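query-v4.csv (CSV, C-alpha atoms and all ligand atoms) appears below.
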```csv
chain,number,residue,atom,x,y,z
A,1,MET,CA,-25.7,-71.1,15.4
A,2,LYS,CA,-25.4,-69.8,18.9
A,3,THR,CA,-23.0,-66.9,19.4
A,4,PRO,CA,-20.8,-67.8,22.4
A,5,MET,CA,-21.5,-65.5,25.3
A,6,PRO,CA,-18.4,-63.8,26.6
A,7,SER,CA,-17.5,-64.9,30.0
A,8,ARG,CA,-18.0,-62.4,32.8
A,9,ARG,CA,-14.5,-63.1,34.0
A,10,HIS,CA,-13.2,-62.1,30.6
A,11,ALA,CA,-15.2,-58.9,30.5
A,12,LEU,CA,-13.9,-58.0,33.9
A,13,ALA,CA,-10.3,-58.7,33.1
A,14,LEU,CA,-10.8,-56.3,30.2
A,15,LEU,CA,-12.0,-53.7,32.6
A,16,ALA,CA,-8.7,-53.8,34.3
A,17,ALA,CA,-6.9,-53.0,31.0
A,18,THR,CA,-7.0,-49.5,29.8
A,19,PRO,CA,-4.7,-49.1,26.7
A,20,PHE,CA,-6.8,-47.9,23.9
A,21,ALA,CA,-7.3,-49.5,20.5
A,22,ALA,CA,-8.7,-47.1,18.0
A,23,SER,CA,-11.5,-48.3,15.8
A,24,CYS,CA,-14.1,-45.7,16.0
A,25,GLY,CA,-16.5,-45.2,13.2
A,26,GLY,CA,-18.4,-42.0,12.2
A,27,ASN,CA,-16.8,-38.6,12.2
A,28,LEU,CA,-15.2,-38.9,15.6
A,29,PRO,CA,-11.5,-38.0,15.8
A,30,ASP,CA,-8.9,-40.8,15.9
A,31,PRO,CA,-7.8,-40.9,19.5
A,32,VAL,CA,-4.3,-42.1,18.7
A,33,ALA,CA,-3.6,-39.9,15.7
A,34,ALA,CA,-1.1,-37.8,17.7
A,35,TRP,CA,1.2,-40.8,17.9
A,36,ARG,CA,1.6,-41.0,14.1
A,37,SER,CA,4.5,-39.0,12.8
A,38,PRO,CA,4.3,-36.2,15.4
A,39,GLY,CA,5.5,-32.9,14.1
A,40,ALA,CA,5.8,-34.1,10.5
A,41,GLY,CA,5.7,-31.1,8.2
A,42,GLU,CA,5.9,-28.5,11.0
A,43,ALA,CA,8.2,-25.7,10.0
A,44,ASP,CA,8.1,-24.2,13.5
A,45,PRO,CA,10.5,-26.1,15.7
A,46,ARG,CA,8.3,-25.3,18.7
A,47,ARG,CA,5.3,-27.0,17.2
A,48,HIS,CA,7.5,-30.0,16.3
A,49,ALA,CA,8.8,-30.3,19.9
A,50,LEU,CA,5.3,-29.8,21.3
A,51,ALA,CA,3.8,-32.5,19.1
A,52,HIS,CA,6.2,-34.9,20.9
A,53,ALA,CA,5.7,-33.3,24.4
A,54,ILE,CA,2.0,-34.1,24.4
A,55,LEU,CA,2.8,-37.8,24.3
A,56,ALA,CA,4.3,-37.5,27.8
A,57,PRO,CA,3.0,-39.8,30.6
A,58,ASN,CA,0.7,-37.8,32.9
A,59,PRO,CA,-1.7,-38.7,35.7
A,60,HIS,CA,-5.1,-40.0,34.6
A,61,ASN,CA,-4.1,-38.9,31.2
A,62,ARG,CA,-5.6,-35.4,31.9
A,63,GLN,CA,-3.1,-33.8,29.5
A,64,PRO,CA,-3.5,-30.5,31.3
A,65,TRP,CA,-0.9,-28.6,29.2
A,66,LEU,CA,-1.7,-25.2,27.7
A,67,VAL,CA,0.9,-23.4,25.7
A,68,ASP,CA,1.2,-19.8,24.5
A,69,LEU,CA,3.7,-19.3,21.6
A,70,LEU,CA,5.6,-16.0,22.0
A,71,GLY,CA,7.5,-14.3,19.2
A,72,ASP,CA,9.3,-16.8,16.9
A,73,HIS,CA,11.3,-18.9,19.4
A,74,GLU,CA,9.6,-18.9,22.8
A,75,LEU,CA,6.7,-20.5,24.5
A,76,VAL,CA,5.1,-20.4,27.9
A,77,LEU,CA,3.6,-23.6,29.5
A,78,HIS,CA,0.6,-23.2,31.7
A,79,VAL,CA,-1.6,-25.8,33.5
A,80,ASP,CA,-5.2,-26.0,32.6
A,81,LEU,CA,-6.8,-25.6,36.1
A,82,ASP,CA,-9.9,-27.3,34.9
A,83,ARG,CA,-7.8,-30.5,34.5
A,84,LEU,CA,-6.5,-31.0,38.0
A,85,LEU,CA,-7.2,-34.0,40.2
A,86,PRO,CA,-8.2,-32.4,43.5
A,87,ALA,CA,-9.3,-35.6,45.3
A,88,THR,CA,-6.3,-37.8,44.5
A,89,ASP,CA,-3.8,-35.1,44.0
A,90,PRO,CA,-4.8,-32.4,46.5
A,91,TYR,CA,-1.5,-30.5,46.2
A,92,ASP,CA,-1.2,-30.9,42.4
A,93,ARG,CA,2.1,-32.7,42.9
A,94,GLN,CA,1.3,-35.4,40.3
A,95,ILE,CA,0.0,-32.9,37.8
A,96,THR,CA,3.3,-31.0,38.2
A,97,LEU,CA,5.2,-34.3,37.6
A,98,GLY,CA,3.2,-34.6,34.4
A,99,CYS,CA,4.4,-31.1,33.4
A,100,GLY,CA,8.0,-32.2,34.1
A,101,ALA,CA,7.5,-35.2,31.8
A,102,PHE,CA,6.1,-32.9,29.1
A,103,LEU,CA,9.1,-30.6,29.4
A,104,GLU,CA,11.5,-33.6,29.1
A,105,LEU,CA,9.9,-34.8,25.9
A,106,LEU,CA,9.9,-31.3,24.6
A,107,ALA,CA,13.6,-30.9,25.3
A,108,LEU,CA,14.4,-34.3,23.8
A,109,ALA,CA,12.4,-33.5,20.6
A,110,ALA,CA,13.9,-30.0,20.3
A,111,GLY,CA,17.4,-31.6,20.7
A,112,ALA,CA,16.7,-34.1,18.0
A,113,ASN,CA,15.7,-31.2,15.7
A,114,GLY,CA,18.8,-29.1,16.2
A,115,HIS,CA,17.6,-26.9,19.1
A,116,ARG,CA,18.4,-26.6,22.8
A,117,ALA,CA,15.5,-25.9,25.0
A,118,GLU,CA,16.4,-23.2,27.5
A,119,VAL,CA,13.8,-23.7,30.3
A,120,THR,CA,13.1,-21.2,33.1
A,121,LEU,CA,10.8,-22.8,35.6
A,122,TRP,CA,8.1,-20.9,37.5
A,123,PRO,CA,9.1,-17.5,36.0
A,124,GLU,CA,6.5,-15.8,38.3
A,125,GLY,CA,7.3,-17.9,41.4
A,126,GLU,CA,6.3,-21.4,42.6
A,127,PRO,CA,2.6,-21.7,43.5
A,128,GLN,CA,1.9,-23.2,46.9
A,129,THR,CA,0.0,-25.2,48.1
A,130,ARG,CA,-2.1,-25.6,44.9
A,131,LEU,CA,-1.2,-24.6,41.4
A,132,ASP,CA,-2.7,-21.2,40.3
A,133,GLY,CA,-2.7,-19.3,37.0
A,134,ARG,CA,1.1,-18.7,37.1
A,135,PRO,CA,3.1,-20.2,34.3
A,136,VAL,CA,5.0,-23.5,34.9
A,137,ALA,CA,7.8,-22.6,32.5
A,138,HIS,CA,9.1,-20.3,29.9
A,139,VAL,CA,11.0,-22.0,27.1
A,140,ARG,CA,13.3,-20.6,24.5
A,141,LEU,CA,14.4,-22.8,21.7
A,142,ILE,CA,18.0,-21.9,20.6
A,143,ALA,CA,19.3,-23.3,17.3
A,144,GLU,CA,22.3,-25.4,18.3
A,145,ALA,CA,23.7,-28.6,16.9
A,146,THR,CA,23.8,-30.9,19.9
A,147,PRO,CA,24.1,-34.7,19.8
A,148,LYS,CA,20.7,-36.4,19.8
A,149,ASP,CA,19.8,-38.0,23.1
A,150,ALA,CA,19.0,-41.7,22.2
A,151,LEU,CA,15.9,-41.6,24.4
A,152,PHE,CA,14.2,-39.5,21.8
A,153,ASP,CA,14.0,-42.6,19.6
A,154,HIS,CA,11.7,-44.3,22.1
A,155,ILE,CA,9.0,-41.6,22.5
A,156,LEU,CA,6.6,-43.2,20.1
A,157,ALA,CA,7.0,-46.7,21.6
A,158,ARG,CA,6.7,-45.5,25.3
A,159,ARG,CA,3.6,-46.8,27.1
A,160,THR,CA,2.1,-47.2,30.5
A,161,ASN,CA,1.6,-50.9,30.5
A,162,ARG,CA,-1.3,-52.2,32.7
A,163,GLU,CA,-1.0,-55.8,31.5
A,164,GLN,CA,0.0,-58.7,33.8
A,165,PHE,CA,3.8,-59.0,33.5
A,166,LYS,CA,5.5,-62.2,32.5
A,167,ASN,CA,7.0,-64.4,35.1
A,168,ARG,CA,10.5,-63.4,34.1
A,169,ALA,CA,13.1,-61.7,36.3
A,170,VAL,CA,14.6,-58.4,35.3
A,171,ASP,CA,18.4,-58.2,35.4
A,172,GLU,CA,20.0,-56.0,38.0
A,173,ALA,CA,22.1,-54.5,35.2
A,174,ALA,CA,19.0,-53.5,33.3
A,175,LEU,CA,17.5,-51.8,36.3
A,176,ALA,CA,20.8,-50.0,37.0
A,177,GLU,CA,20.9,-48.8,33.4
A,178,ILE,CA,17.4,-47.4,33.4
A,179,ALA,CA,17.9,-45.7,36.8
A,180,ASN,CA,21.1,-44.1,35.4
A,181,ALA,CA,19.4,-42.9,32.3
A,182,ALA,CA,16.6,-41.3,34.3
A,183,LEU,CA,18.8,-38.5,35.4
A,184,PRO,CA,19.5,-36.4,32.3
A,185,PRO,CA,23.1,-35.8,31.2
A,186,GLY,CA,24.5,-32.7,32.7
A,187,GLY,CA,22.3,-32.4,35.8
A,188,ASN,CA,19.0,-33.6,37.1
A,189,ALA,CA,16.9,-30.5,37.1
A,190,ILE,CA,15.8,-27.8,34.7
A,191,GLY,CA,16.5,-24.3,36.1
A,192,SER,CA,17.3,-25.1,39.7
A,193,PRO,CA,19.1,-27.9,41.4
A,194,ALA,CA,16.7,-30.4,42.8
A,195,PRO,CA,18.5,-33.6,43.7
A,196,LEU,CA,16.8,-36.9,43.1
A,197,ARG,CA,17.6,-40.5,43.4
A,198,VAL,CA,16.2,-43.5,41.6
A,199,ASP,CA,16.1,-46.8,43.4
A,200,TRP,CA,14.7,-50.3,42.8
A,201,THR,CA,14.3,-53.7,44.3
A,202,ARG,CA,14.3,-57.3,43.1
A,203,SER,CA,14.7,-58.7,46.6
A,204,PRO,CA,11.9,-61.2,47.4
A,205,GLU,CA,11.1,-59.7,50.8
A,206,GLN,CA,10.9,-56.1,49.7
A,207,LEU,CA,9.1,-57.1,46.5
A,208,ALA,CA,6.4,-58.9,48.5
A,209,ALA,CA,6.0,-55.8,50.7
A,210,LEU,CA,5.7,-53.5,47.7
A,211,ARG,CA,3.3,-55.8,45.9
A,212,ALA,CA,1.1,-55.8,48.9
A,213,LEU,CA,1.5,-52.0,49.3
A,214,ALA,CA,0.5,-51.4,45.7
A,215,TRP,CA,-2.6,-53.5,45.9
A,216,ASN,CA,-3.6,-52.1,49.3
A,217,GLY,CA,-3.2,-48.6,48.0
A,218,PHE,CA,-5.4,-49.4,45.0
A,219,ASP,CA,-8.0,-51.0,47.2
A,220,THR,CA,-8.0,-48.1,49.7
A,221,GLU,CA,-8.5,-45.6,46.9
A,222,CYS,CA,-11.5,-47.6,45.6
A,223,ALA,CA,-12.9,-47.5,49.2
A,224,THR,CA,-12.5,-43.7,49.5
A,225,PRO,CA,-15.6,-42.3,47.8
A,226,ALA,CA,-14.1,-38.9,46.6
A,227,ALA,CA,-10.9,-40.4,45.3
A,228,TYR,CA,-12.7,-43.3,43.6
A,229,GLN,CA,-15.4,-41.1,42.1
A,230,GLU,CA,-12.7,-38.9,40.6
A,231,SER,CA,-11.5,-41.9,38.6
A,232,VAL,CA,-15.0,-43.0,37.7
A,233,ASP,CA,-15.7,-39.5,36.3
A,234,LEU,CA,-12.7,-39.8,34.1
A,235,MET,CA,-13.5,-43.3,32.8
A,236,ARG,CA,-14.2,-43.3,29.1
A,237,ILE,CA,-16.5,-46.2,28.4
A,238,GLY,CA,-16.2,-47.6,24.8
A,239,GLY,CA,-14.8,-46.3,21.5
A,240,ALA,CA,-17.2,-43.4,21.0
A,241,GLU,CA,-16.6,-41.9,24.4
A,242,ILE,CA,-12.9,-42.4,24.1
A,243,ALA,CA,-12.8,-40.7,20.7
A,244,ARG,CA,-14.9,-37.8,22.0
A,245,HIS,CA,-12.7,-37.1,25.0
A,246,ARG,CA,-9.3,-38.6,24.1
A,247,ASP,CA,-8.2,-38.3,27.7
A,248,GLY,CA,-8.8,-40.0,31.0
A,249,ILE,CA,-9.1,-43.7,31.7
A,250,ALA,CA,-10.0,-45.6,28.6
A,251,LEU,CA,-12.1,-48.8,28.9
A,252,GLU,CA,-12.2,-50.4,25.6
A,253,GLY,CA,-12.5,-53.5,23.6
A,254,PRO,CA,-15.3,-55.7,22.3
A,255,MET,CA,-16.4,-56.8,25.7
A,256,ILE,CA,-16.7,-53.3,27.0
A,257,GLU,CA,-18.8,-52.4,24.0
A,258,PHE,CA,-21.0,-55.4,24.6
A,259,ALA,CA,-21.4,-54.8,28.3
A,260,LYS,CA,-22.2,-51.1,27.6
A,261,THR,CA,-24.7,-52.0,25.0
A,262,VAL,CA,-26.6,-54.5,27.2
A,263,GLY,CA,-26.6,-52.1,30.1
A,264,LEU,CA,-24.2,-54.1,32.3
A,265,LEU,CA,-21.6,-51.3,32.2
A,266,ASN,CA,-22.2,-47.6,32.8
A,267,ARG,CA,-20.9,-44.9,35.1
A,268,ARG,CA,-23.5,-45.7,37.7
A,269,VAL,CA,-22.4,-49.3,37.8
A,270,LEU,CA,-18.7,-48.4,37.9
A,271,ALA,CA,-19.4,-45.9,40.8
A,272,ASP,CA,-21.0,-48.6,42.9
A,273,THR,CA,-18.2,-50.6,44.5
A,274,SER,CA,-20.7,-52.9,46.1
A,275,ASN,CA,-21.8,-54.1,42.7
A,276,ARG,CA,-20.3,-57.5,42.1
A,277,PHE,CA,-19.4,-56.6,38.5
A,278,THR,CA,-17.5,-53.5,39.7
A,279,ARG,CA,-15.9,-55.3,42.7
A,280,ASP,CA,-14.6,-58.1,40.4
A,281,GLY,CA,-13.3,-55.4,38.0
A,282,ILE,CA,-11.4,-53.8,40.9
A,283,ASN,CA,-10.1,-57.2,42.1
A,284,ALA,CA,-8.8,-57.9,38.6
A,285,TRP,CA,-6.0,-55.3,39.4
A,286,ARG,CA,-4.6,-57.5,42.1
A,287,PRO,CA,-2.6,-59.9,39.9
A,288,LEU,CA,-1.1,-56.8,38.2
A,289,ALA,CA,0.4,-55.6,41.4
A,290,GLU,CA,1.6,-59.1,42.1
A,291,SER,CA,3.1,-59.8,38.7
A,292,ALA,CA,6.0,-57.4,39.3
A,293,PRO,CA,9.5,-58.8,39.1
A,294,ALA,CA,10.8,-55.4,40.2
A,295,TYR,CA,9.6,-52.1,41.6
A,296,VAL,CA,11.4,-48.8,40.9
A,297,TRP,CA,10.9,-45.5,42.6
A,298,ILE,CA,12.1,-41.9,42.5
A,299,VAL,CA,12.8,-39.9,45.7
A,300,SER,CA,13.5,-36.2,45.8
A,301,LEU,CA,15.4,-34.6,48.6
A,302,GLU,CA,13.0,-31.7,48.7
A,303,ASN,CA,9.4,-31.2,47.5
A,304,THR,CA,9.5,-27.9,45.8
A,305,ARG,CA,7.7,-27.4,42.5
A,306,ALA,CA,11.1,-27.5,40.8
A,307,ALA,CA,11.8,-30.8,42.5
A,308,GLN,CA,8.5,-32.2,41.3
A,309,ILE,CA,9.3,-31.0,37.7
A,310,ALA,CA,12.7,-32.7,38.0
A,311,ALA,CA,11.0,-35.9,39.2
A,312,GLY,CA,8.6,-35.8,36.3
A,313,ARG,CA,11.4,-35.4,33.9
A,314,ALA,CA,13.2,-38.3,35.5
A,315,TYR,CA,10.1,-40.4,35.3
A,316,ALA,CA,9.7,-39.7,31.6
A,317,ARG,CA,13.3,-40.8,31.1
A,318,LEU,CA,13.0,-43.8,33.3
A,319,ASN,CA,9.9,-45.0,31.3
A,320,LEU,CA,11.7,-44.2,27.9
A,321,SER,CA,14.8,-46.1,28.9
A,322,ALA,CA,12.8,-49.0,30.2
A,323,ILE,CA,11.2,-49.2,26.7
A,324,ALA,CA,14.6,-49.0,25.2
A,325,GLN,CA,15.6,-52.1,27.3
A,326,GLY,CA,12.4,-54.0,26.2
A,327,LEU,CA,10.9,-53.5,29.7
A,328,ALA,CA,7.4,-52.5,30.5
A,329,MET,CA,6.5,-50.0,33.3
A,330,HIS,CA,3.4,-49.1,35.2
A,331,PRO,CA,3.2,-46.5,38.0
A,332,TRP,CA,1.2,-47.3,41.2
A,333,SER,CA,0.7,-43.9,42.7
A,334,GLN,CA,-2.2,-44.5,45.1
A,335,THR,CA,0.0,-44.8,48.2
A,336,LEU,CA,1.9,-41.6,47.3
A,337,GLN,CA,-1.3,-39.6,47.4
A,338,GLU,CA,-1.8,-37.1,50.1
A,339,TYR,CA,-5.2,-37.5,51.5
A,340,PRO,CA,-6.1,-38.7,55.0
A,341,GLU,CA,-7.4,-42.1,54.2
A,342,MET,CA,-4.1,-43.0,52.6
A,343,ALA,CA,-1.9,-41.6,55.4
A,344,GLU,CA,-0.9,-45.0,56.8
A,345,LEU,CA,0.0,-46.5,53.5
A,346,TYR,CA,1.8,-43.3,52.5
A,347,ALA,CA,4.0,-43.7,55.5
A,348,GLU,CA,4.6,-47.4,54.6
A,349,ALA,CA,5.6,-46.4,51.1
A,350,GLU,CA,8.1,-43.9,52.5
A,351,ARG,CA,9.5,-46.6,54.8
A,352,LEU,CA,9.8,-49.2,52.0
A,353,ALA,CA,11.4,-46.7,49.6
A,354,GLY,CA,13.9,-45.7,52.3
A,355,ALA,CA,12.9,-42.0,52.2
A,356,LYS,CA,14.5,-40.1,55.0
A,357,GLN,CA,13.0,-37.3,57.0
A,358,GLY,CA,12.1,-34.4,54.6
A,359,GLU,CA,12.4,-36.6,51.4
A,360,THR,CA,9.5,-37.3,49.1
A,361,VAL,CA,8.7,-40.5,47.2
A,362,GLN,CA,7.6,-38.9,43.9
A,363,MET,CA,7.0,-42.1,41.8
A,364,LEU,CA,6.6,-45.8,42.4
A,365,ALA,CA,6.2,-48.1,39.5
A,366,ARG,CA,6.4,-51.8,38.7
A,367,VAL,CA,8.8,-53.0,36.0
A,368,GLY,CA,8.8,-56.2,34.1
A,369,TYR,CA,8.2,-57.8,30.7
A,370,GLY,CA,4.8,-57.4,29.2
A,371,GLU,CA,2.9,-57.7,26.0
A,372,THR,CA,3.2,-55.0,23.4
A,373,ILE,CA,0.3,-52.7,23.8
A,374,ARG,CA,-1.3,-49.8,21.9
A,375,PRO,CA,-0.8,-46.1,22.8
A,376,ALA,CA,-3.2,-44.2,25.1
A,377,PRO,CA,-5.4,-41.5,23.5
A,378,ARG,CA,-4.2,-37.9,23.1
A,379,ARG,CA,-6.3,-34.9,22.4
A,380,GLY,CA,-4.0,-33.5,19.7
A,381,LEU,CA,-1.7,-30.5,19.5
A,382,SER,CA,-4.3,-28.0,18.5
A,383,GLU,CA,-6.1,-28.6,21.9
A,384,HIS,CA,-3.0,-27.4,23.7
A,385,ILE,CA,-1.9,-24.3,21.9
A,386,ARG,CA,-3.8,-21.3,23.3
A,387,ALA,CA,-2.1,-18.5,21.4
A,401,LIG,C1,2.7,-38.6,38.1
A,401,LIG,C2,2.1,-39.8,37.4
A,401,LIG,C3,1.4,-40.7,38.2
A,401,LIG,C4,0.8,-41.8,37.6
A,401,LIG,N1,0.1,-42.8,38.3
A,401,LIG,C5,-0.5,-43.8,37.7
A,401,LIG,C6,-1.1,-44.8,38.5
A,401,LIG,O1,-1.2,-44.8,39.7
A,401,LIG,N2,-1.7,-45.9,37.9
A,401,LIG,C7,-1.6,-46.0,36.5
A,401,LIG,O2,-2.2,-47.0,36.0
A,401,LIG,N3,-1.0,-45.1,35.7
A,401,LIG,C8,-0.4,-44.0,36.3
A,401,LIG,N4,0.3,-43.1,35.6
A,401,LIG,C9,0.3,-43.3,34.1
A,401,LIG,C10,-0.7,-42.5,33.4
A,401,LIG,O3,-2.0,-42.9,33.7
A,401,LIG,C11,-0.4,-42.5,31.9
A,401,LIG,O4,0.8,-41.8,31.7
A,401,LIG,C12,-1.5,-41.9,31.1
A,401,LIG,O5,-2.7,-42.7,31.2
A,401,LIG,C13,-1.2,-41.8,29.6
A,401,LIG,O6,-0.8,-43.1,29.1
A,401,LIG,P1,0.6,-43.4,28.5
A,401,LIG,O7,1.7,-43.2,29.6
A,401,LIG,O8,0.6,-44.8,28.0
A,401,LIG,O9,0.8,-42.4,27.4
A,401,LIG,C14,0.9,-42.0,36.2
A,401,LIG,C15,1.7,-41.1,35.4
A,401,LIG,C16,2.2,-40.0,36.1
A,401,LIG,C17,3.1,-39.1,35.3
```
Represent the structure of the file as structure tokens.
Amino acid sequence: MKTPMPSRRHALALLAATPFAASCGGNLPDPVAAWRSPGAGEADPRRHALAHAILAPNPHNRQPWLVDLLGDHELVLHVDLDRLLPATDPYDRQITLGCGAFLELLALAAGANGHRAEVTLWPEGEPQTRLDGRPVAHVRLIAEATPKDALFDHILARRTNREQFKNRAVDEAALAEIANAALPPGGNAIGSPAPLRVDWTRSPEQLAALRALAWNGFDTECATPAAYQESVDLMRIGGAEIARHRDGIALEGPMIEFAKTVGLLNRRVLADTSNRFTRDGINAWRPLAESAPAYVWIVSLENTRAAQIAAGRAYARLNLSAIAQGLAMHPWSQTLQEYPEMAELYAEAERLAGAKQGETVQMLARVGYGETIRPAPRRGLSEHIRA
């Protein structure tokens, strides 16, 4: 009997989808183990909170968080400077947002476990214009019975959903609800005031412009060699590579394994945007940008490191509250990236988001209804605790 050949179209569509399904044989670690009962059996509340924090959304899934445990109740968060994204994130703004998301999940988990996280941001000052070795935050966990924030319950179900969304409108009320939940109760920043606003659109005209913007940004990134190569270098092709690295951009599924085995798919092919296979894979993202019944964005009134942390916290909450509402979310950050080839689209993103002079669009994401997807890989708690 002839085995049906998978269609090229199908294989390429799979290239566009990155959520990872774990089924790796051998002795390789399970890439999604961190999502199962995080913190279970941990007597140290910091380790319990950190086991949740490492599930935070973060750019290119770099998971750049390094933690020193101090004494019995404190910890210091650092960024692993080997895990930055210099081409697409030249000022480490997005990496800093990912640290904000990490701190938000840490605070939510500590709160659910009877502790308040007292966070001091940038205790040795804010690094400009790139991050340096200085710590992002000092955190002290203080035993205190506080009501659990309901968003904690959605940490394990939160996803970045890169599927095509259903042709179903999102209610205005649901968008207002998630925007409201994005700003944590009692203030919108840890440590220092860094005002933010969360906005959205469902209007056909603005949606059409944002869909085009999102796609043009993606296409421009793919046409910018340094930016595109940065992504290619972080692509994990097939189950074994994904399990070995447990970070980056996971390309997985039976068709990926097949294409890799027969030599159709490797890093060299992916790096060559003139290759038809790769070009089709890039084009497969277009319907994703277009299947967006709503876009949502976060604007900060200043662009200090504290504001970036606040925006990252807000994005984590936005993503969690979307999940709570049954909504899927997928950031499109290309047009918010600060390199010359993107400058024109960056200005267009600012205009469409209504950012005024001096304001910064920190996140832009599509929102809609999608299929349930599996979690993205995580390296595991032990990879993050330095001391
Ligand atoms: C600041 C920031 C920017 C991001 N930009 C993008 C993006 O442009 N495209 C995308 O597909 N995902 C983007 N993401 C999502 C991450 O890729 C995702 O969080 C990571 O791969 C881990 O997956 P998870 O969120 O499902 O746990 C971004 C996340 C953050 C925090």
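The gap separating atom CA of Ser333 of chain A from atom CA of Val299 of chain A is 13.1 Å, in Å to one decimal.
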Could you list, as a ChimeraX atom specification, all residues that come within 6 Å of ligand LIG 401 (chain A)? Count all atoms listed in the file.
/A:55,57-61,94,97-98,159-160,330-334,375-376
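Taking only C-alpha atoms into account, Arg130 of chain A lies nearest to A:Leu84 out of the set A:Leu106, A:Leu84, A:Ile155, A:Ala243.
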Can you tell me how far atom CA of Leu320 of chain A sits from atom CA of Asp153 of chain A, in Å to one decimal?
8.8 Å
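Residue nearest Gly248 of chain A, chosen from A:Lys260, A:Met235, A:Leu381, A:Leu301 and counting only C-alpha atoms: A:Met235.
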Counting all atoms listed in the file, figure out which residue out of A:Pro90, A:Gly111, A:Gly326, A:Gly41 gets nearest to Leu175 of chain A.
A:Gly326
So which one's closest to Gly125 of chain A, A:Gly39, A:Met329, A:Ala306, A:Thr360? Using only C-alpha atoms, please.
A:Ala306
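Comparing the minimum interatomic distances between Gly71 of chain A and each of A:Leu141, A:Leu207, A:Ala349, A:Ala150, counting all atoms listed in the file, we find that A:Leu141 sits nearest.
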Env of Ser300 of chain A: 10 Å cut, atoms = only C-alpha atoms, seq-sep filter 3 positions within chain, self excluded. Answer as a short mmCIF file (atom, residue, chain, number, x, y, z; two decimals) with C-alpha atoms, keeping the file's coordinate frame.
```
data_model
loop_
_atom_site.label_atom_id
_atom_site.label_comp_id
_atom_site.auth_asym_id
_atom_site.auth_seq_id
_atom_site.Cartn_x
_atom_site.Cartn_y
_atom_site.Cartn_z
CA ALA A 194 16.70 -30.40 42.80
CA PRO A 195 18.50 -33.60 43.70
CA LEU A 196 16.80 -36.90 43.10
CA ARG A 197 17.60 -40.50 43.40
CA VAL A 198 16.20 -43.50 41.60
CA ASN A 303 9.40 -31.20 47.50
CA THR A 304 9.50 -27.90 45.80
CA ALA A 307 11.80 -30.80 42.50
CA GLN A 308 8.50 -32.20 41.30
CA ALA A 310 12.70 -32.70 38.00
CA ALA A 311 11.00 -35.90 39.20
CA ALA A 355 12.90 -42.00 52.20
CA GLY A 358 12.10 -34.40 54.60
CA GLU A 359 12.40 -36.60 51.40
CA THR A 360 9.50 -37.30 49.10
CA VAL A 361 8.70 -40.50 47.20
CA GLN A 362 7.60 -38.90 43.90
CA MET A 363 7.00 -42.10 41.80
#
```
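Among the candidate residues A:Leu288, A:Ala294, A:Ala226, A:Ala353, the one lying nearest to Pro204 of chain A is A:Ala294, with distances computed using all atoms listed in the file.
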